[in-house]
Amino acid sequence: MATTYLNRTPSSEGNRKTWTFSTWFKVGNITSGAFFTAGASGQDEMTIRLEESGGNFRIDWQLYKVSNTSTIGRLITNREFRDPAAWYHLVCRYDSTNSTAGDRMRMYINGVEETSFSTDTNPTLNYDAMVNNTVIHNIGRQSWNNSGYFDGYLSQTILADGQSYAPTVFGSTNANGVWVPNTSPSVTYGTNGFKIDYAGTGTSADANGFGADSSGQTNHYTSNNLGTNPNTKDTPHNLFCTMTPLDKGSNAGTLSLGNLKMTNGTSGSADNQKFRGTMGVTKGKWYFEMKKLANTASIGLLATEEKINQTSASGMLVEYLHQGELRFYNGSGRTTKTTGIDAYTTNDIVGCALDMDNRRAYFHKNGFYQGDPTPDPASSPSGAGQMAAILANFTMAPCYMDDTTASAGQAAMNFGAPAYTIASGNADANGYGNFEYAVPSGYYALCTKNLAQYG
């Protein structure tokens with residue numbers, strides 16, 4: 001949601017000396033962007049943001065006073081956050097009434113307090129921050145210059161007005177040792193506090209909106225630039241595969257919409273215009289889809305052991321190309337199949353059923369599996385038909401590619417948490433995912449709960 005943000009201006013002042021902010025986040029593109037800000041451009045400000053530097057993120061929490069251009073308080077982590085496949089939990093705990101200066105601003109990641117900072121400046125005793133003042137508050141955008149949009153995913157965003165809470169109020173460690181959200185945290189929200197679950201779809205500041213406050217305080221936020229299908233099934237409880245900005249070809253272009261939409265450039269080798277997914281598998285049966293949006297966008301599978309820029313003929317790669325070809329590379333050459341294989345064009349949806357138990361892959365166009373005779377991943381597990389590519393003993397991950405050097409291909413992937421609107425809606429047998437076409441029997445969405453069971 002590169003330009004999506006929420007905003008609200010409180011009508012009455014809350015507690016400006018004591019409050020806690022908590023949110024879960026998953027990064028998209030490597031770019032700076034704000035989680036939460038208070039104060040408009042030209043006013044005193046409070047900002048909690050990701051600060052990008054040299055391809056890495058740090059958390060930057062700042063209180064700034066405009067009148068004398070001074071920093072009142074600031075924490076910038078030495079620790080870096082760069083994993084686009086992971087959800088993180090951030091807690092910022094503000095209490096300027098604390099007699100210990102170092103405890104007036106405290107930060108926690110995944111339940112653990114951060115103690116190593118490149119900048120560590122503490123506010124004075126009883127300093128009133130801009131949070132809970134009657135100024136604009138933004139979620140997902142910087143205050144100054146109306147810029148610095150957060151690129152990625154947010155979940156369960158909470159402000160507790162008047163409370164200094166430990167991270168254990170909002171999260172806990174599950175049986176697998178993973179820090180996960182408390183579904184119903186015990187929080188006193190105060191005058192301007194809120195709990196936003198991003199479950200609604202409307203843009204207005206009401207109970208049906210994307211920025212609806214579920215705390216009971218009715219401090220709903222207005223949604224701006226909401227876009228299509230802003231809600232996602234990708235949550236801290238169950239992560240879905242995405243594409244990654246850290247594992248793409250040198251001419252692969254850009255990612256957007258939570259790293260699910262790919263837009264290629266118009267130069268460079270076709271072998272260097274690939275994106276790879278965040279999840280690779282060695283066993284189990286898996287299903288995902290791609291919607292073609294423009295030009296020569298194609299879907300496929302690429303071994304995680306292969307370099308992303310490697311010449312296709314040298315690696316383990318399976319492609320279902322837009323012009324109606326299956327190409328299979330096994331490291332010693334290329335096999336091309338065209339009989340019974342349809343071309344696909346803009347707005348067509350193609351799917352991949354990947355059977356890693358039998359080492360085969362099946363592709364469909366708008367629900368019709370391709371090949372001659374037509375293979376069916378459910379009834380023909382032996383791989384009848386030309387589309388049943390026999391895979392070598394590699395770890396295979398989803399792959400997107402633009403197979404020409406000057407086409408600016410564009411597509412959107414759907415691993416079960418789509419960035420585009422789904423007309424029909426189909427889940428796997430475990431109830432996970434939201435797909436346009438039926439998931440074959442025995443196949444599952446690429447998400448952490450399914451991987452834990454079958455992967």
# chains A, B, ... in the order shown; residues from 1 in each chain; ligands from 1
>>> residues_around(residues="A:Asp403", least_positions_apart="4", cutoff="8 Å", atoms="only C-alpha atoms", output="list in words")
Ala270, Asp271, Gln273, Thr296, Ala297, Ser298 and Leu321 of chain A
>>> select_by_dssp(residues="stretch 64-205 of chain A", states="helix (DSSP H, G or I)", output="MDAnalysis selection string")
chainID A and resid 101:103 144:146 167:169
>>> write_last_selection(atoms="all heavy atoms", output="mmCIF file, in the first residue's frame")
data_model
loop_
_atom_site.group_PDB
_atom_site.id
_atom_site.type_symbol
_atom_site.label_atom_id
_atom_site.label_comp_id
_atom_site.auth_asym_id
_atom_site.auth_seq_id
_atom_site.Cartn_x
_atom_site.Cartn_y
_atom_site.Cartn_z
ATOM 1 N N ALA A 101 15.622 8.824 33.077
ATOM 2 C CA ALA A 101 15.572 9.409 31.729
ATOM 3 C C ALA A 101 15.566 8.336 30.643
ATOM 4 O O ALA A 101 14.839 8.441 29.647
ATOM 5 C CB ALA A 101 16.747 10.361 31.532
ATOM 6 N N GLY A 102 16.358 7.287 30.827
ATOM 7 C CA GLY A 102 16.458 6.248 29.819
ATOM 8 C C GLY A 102 15.227 5.384 29.678
ATOM 9 O O GLY A 102 15.146 4.575 28.749
ATOM 10 N N ASP A 103 14.262 5.545 30.601
ATOM 11 C CA ASP A 103 13.025 4.766 30.536
ATOM 12 C C ASP A 103 11.834 5.593 30.048
ATOM 13 O O ASP A 103 10.696 5.132 30.100
ATOM 14 C CB ASP A 103 12.696 4.178 31.911
ATOM 15 C CG ASP A 103 13.621 3.028 32.288
ATOM 16 O OD1 ASP A 103 14.262 2.477 31.372
ATOM 17 O OD2 ASP A 103 13.700 2.689 33.484
ATOM 18 N N TRP A 144 5.379 15.518 7.862
ATOM 19 C CA TRP A 144 5.920 16.619 7.083
ATOM 20 C C TRP A 144 5.846 16.324 5.592
ATOM 21 O O TRP A 144 6.115 15.227 5.136
ATOM 22 C CB TRP A 144 7.340 16.944 7.510
ATOM 23 C CG TRP A 144 8.340 15.855 7.291
ATOM 24 C CD1 TRP A 144 9.127 15.680 6.205
ATOM 25 C CD2 TRP A 144 8.658 14.790 8.185
ATOM 26 N NE1 TRP A 144 9.928 14.582 6.357
ATOM 27 C CE2 TRP A 144 9.669 14.003 7.562
ATOM 28 C CE3 TRP A 144 8.199 14.418 9.451
ATOM 29 C CZ2 TRP A 144 10.204 12.882 8.170
ATOM 30 C CZ3 TRP A 144 8.741 13.294 10.042
ATOM 31 C CH2 TRP A 144 9.726 12.551 9.404
ATOM 32 N N ASN A 145 5.464 17.325 4.835
ATOM 33 C CA ASN A 145 5.412 17.273 3.367
ATOM 34 C C ASN A 145 4.499 16.182 2.824
ATOM 35 O O ASN A 145 4.534 15.866 1.637
ATOM 36 C CB ASN A 145 6.820 17.081 2.773
ATOM 37 C CG ASN A 145 7.743 18.215 3.142
ATOM 38 O OD1 ASN A 145 7.305 19.358 3.232
ATOM 39 N ND2 ASN A 145 9.004 17.914 3.374
ATOM 40 N N ASN A 146 3.662 15.606 3.694
ATOM 41 C CA ASN A 146 2.714 14.580 3.263
ATOM 42 C C ASN A 146 3.393 13.521 2.407
ATOM 43 O O ASN A 146 2.974 13.215 1.294
ATOM 44 C CB ASN A 146 1.551 15.219 2.496
ATOM 45 C CG ASN A 146 0.763 16.173 3.357
ATOM 46 O OD1 ASN A 146 0.674 15.992 4.567
ATOM 47 N ND2 ASN A 146 0.197 17.199 2.759
ATOM 48 N N PRO A 167 5.330 -5.184 26.151
ATOM 49 C CA PRO A 167 4.905 -5.869 24.930
ATOM 50 C C PRO A 167 4.085 -7.117 25.184
ATOM 51 O O PRO A 167 3.329 -7.560 24.305
ATOM 52 C CB PRO A 167 6.217 -6.202 24.226
ATOM 53 C CG PRO A 167 7.255 -6.159 25.284
ATOM 54 C CD PRO A 167 6.806 -5.126 26.261
ATOM 55 N N THR A 168 4.187 -7.704 26.381
ATOM 56 C CA THR A 168 3.422 -8.907 26.699
ATOM 57 C C THR A 168 1.919 -8.653 26.761
ATOM 58 O O THR A 168 1.138 -9.594 26.742
ATOM 59 C CB THR A 168 3.900 -9.502 28.036
ATOM 60 O OG1 THR A 168 3.950 -8.457 29.021
ATOM 61 C CG2 THR A 168 5.282 -10.121 27.889
ATOM 62 N N VAL A 169 1.518 -7.391 26.819
ATOM 63 C CA VAL A 169 0.091 -7.063 26.746
ATOM 64 C C VAL A 169 -0.437 -7.361 25.343
ATOM 65 O O VAL A 169 -1.579 -7.795 25.176
ATOM 66 C CB VAL A 169 -0.145 -5.584 27.109
ATOM 67 C CG1 VAL A 169 -1.587 -5.160 26.803
ATOM 68 C CG2 VAL A 169 0.182 -5.338 28.578
#
>>> closest_residue(among="A:Thr183, A:Thr335, A:Asn174, A:Asn358", to="A:Thr235", atoms="only C-alpha atoms")
A:Thr183
>>> closest_residue(among="A:Thr336, A:Ser147, A:Ser155, A:Asn251", to="A:Thr404", atoms="only C-alpha atoms")
A:Asn251
>>> atom_distance(atom1="atom CA of A:Ser164", atom2="atom CA of A:Thr119")
22.1 Å
>>> closest_residue(among="A:Gly265, A:Gly216, A:Gly111, A:Pro375", to="A:Ala166", atoms="only C-alpha atoms")
A:Gly111
>>> residues_around(residues="stretch 71-79 of chain A", least_positions_apart="5", cutoff="7 Å", atoms="only C-alpha atoms", output="ChimeraX atom specification")
/A:58-65,116-123
>>> write_last_selection(atoms="C-alpha atoms", output="PDB file, in the first residue's frame")
ATOM      1  CA  ARG A  58      16.310   0.845  11.073  1.00  0.00           C
ATOM      2  CA  ILE A  59      13.532   1.971  13.394  1.00  0.00           C
ATOM      3  CA  ASP A  60      13.601   5.737  13.975  1.00  0.00           C
ATOM      4  CA  TRP A  61      11.397   7.195  16.743  1.00  0.00           C
ATOM      5  CA  GLN A  62      11.647  10.966  17.078  1.00  0.00           C
ATOM      6  CA  LEU A  63      10.096  13.877  18.975  1.00  0.00           C
ATOM      7  CA  TYR A  64      10.936  17.148  17.213  1.00  0.00           C
ATOM      8  CA  LYS A  65      10.248  20.748  18.190  1.00  0.00           C
ATOM      9  CA  SER A 116      21.511  -0.598  21.222  1.00  0.00           C
ATOM     10  CA  PHE A 117      20.928   2.700  19.424  1.00  0.00           C
ATOM     11  CA  SER A 118      23.007   4.848  17.090  1.00  0.00           C
ATOM     12  CA  THR A 119      21.067   7.824  18.460  1.00  0.00           C
ATOM     13  CA  ASP A 120      19.744   7.774  22.027  1.00  0.00           C
ATOM     14  CA  THR A 121      18.297  11.125  23.140  1.00  0.00           C
ATOM     15  CA  ASN A 122      15.835  11.312  26.036  1.00  0.00           C
ATOM     16  CA  PRO A 123      13.035  13.859  26.530  1.00  0.00           C
TER      17      PRO A 123
END
>>> residues_around(residues="A:Thr191", least_positions_apart="3", cutoff="8 Å", atoms="only C-alpha atoms", output="MDAnalysis selection string")
chainID A and resid 12:15 161 217
>>> closest_residue(among="A:Tyr221, A:Tyr94, A:Phe57, A:Phe150", to="A:Lys195", atoms="only C-alpha atoms")
A:Tyr221
>>> atom_distance(atom1="atom CA of A:Phe415", atom2="atom CA of A:Asp355")
15.5 Å
>>> closest_residue(among="A:Gly211, A:Gly433, A:Gly331, A:Gly171", to="A:His89", atoms="only C-alpha atoms")
A:Gly171
>>> select_by_dssp(residues="stretch 242-379 of chain A", states="strand (DSSP E or B)", output="ChimeraX atom specification")
/A:243-248,254-256,261-263,274-277,281,285-294,297-303,316-321,325-330,334-337,349-355,360-365,368-369
>>> decode(residues="stretch 255-284 of chain A", atoms="C-alpha atoms", output="PDB file, in the first residue's frame")
ATOM      1  CA  LEU A 255       7.597  -4.531  -6.835  1.00  0.00           C
ATOM      2  CA  SER A 256       4.458  -2.978  -5.360  1.00  0.00           C
ATOM      3  CA  LEU A 257       1.181  -3.924  -3.630  1.00  0.00           C
ATOM      4  CA  GLY A 258       2.900  -5.718  -0.779  1.00  0.00           C
ATOM      5  CA  ASN A 259       5.497  -7.327  -3.088  1.00  0.00           C
ATOM      6  CA  LEU A 260       2.822  -9.051  -5.152  1.00  0.00           C
ATOM      7  CA  LYS A 261       2.780  -6.846  -8.276  1.00  0.00           C
ATOM      8  CA  MET A 262       5.790  -6.942 -10.611  1.00  0.00           C
ATOM      9  CA  THR A 263       6.596  -4.248 -13.192  1.00  0.00           C
ATOM     10  CA  ASN A 264       9.640  -4.852 -15.368  1.00  0.00           C
ATOM     11  CA  GLY A 265      11.901  -2.390 -17.079  1.00  0.00           C
ATOM     12  CA  THR A 266      12.502  -2.314 -20.821  1.00  0.00           C
ATOM     13  CA  SER A 267      16.188  -3.147 -21.039  1.00  0.00           C
ATOM     14  CA  GLY A 268      18.620  -5.853 -20.079  1.00  0.00           C
ATOM     15  CA  SER A 269      18.773  -9.583 -20.673  1.00  0.00           C
ATOM     16  CA  ALA A 270      15.547 -11.547 -20.298  1.00  0.00           C
ATOM     17  CA  ASP A 271      17.478 -13.873 -17.973  1.00  0.00           C
ATOM     18  CA  ASN A 272      17.983 -10.909 -15.621  1.00  0.00           C
ATOM     19  CA  GLN A 273      14.288  -9.943 -15.423  1.00  0.00           C
ATOM     20  CA  LYS A 274      13.119 -12.534 -12.886  1.00  0.00           C
ATOM     21  CA  PHE A 275      11.582 -12.258  -9.427  1.00  0.00           C
ATOM     22  CA  ARG A 276      11.613 -15.205  -7.020  1.00  0.00           C
ATOM     23  CA  GLY A 277       9.142 -15.981  -4.236  1.00  0.00           C
ATOM     24  CA  THR A 278       9.940 -16.008  -0.529  1.00  0.00           C
ATOM     25  CA  MET A 279       9.007 -19.685  -0.003  1.00  0.00           C
ATOM     26  CA  GLY A 280      10.714 -22.710  -1.548  1.00  0.00           C
ATOM     27  CA  VAL A 281       9.509 -26.304  -1.086  1.00  0.00           C
ATOM     28  CA  THR A 282      11.025 -29.787  -1.325  1.00  0.00           C
ATOM     29  CA  LYS A 283       7.882 -31.829  -0.691  1.00  0.00           C
ATOM     30  CA  GLY A 284       4.102 -31.482  -0.578  1.00  0.00           C
TER      31      GLY A 284
END
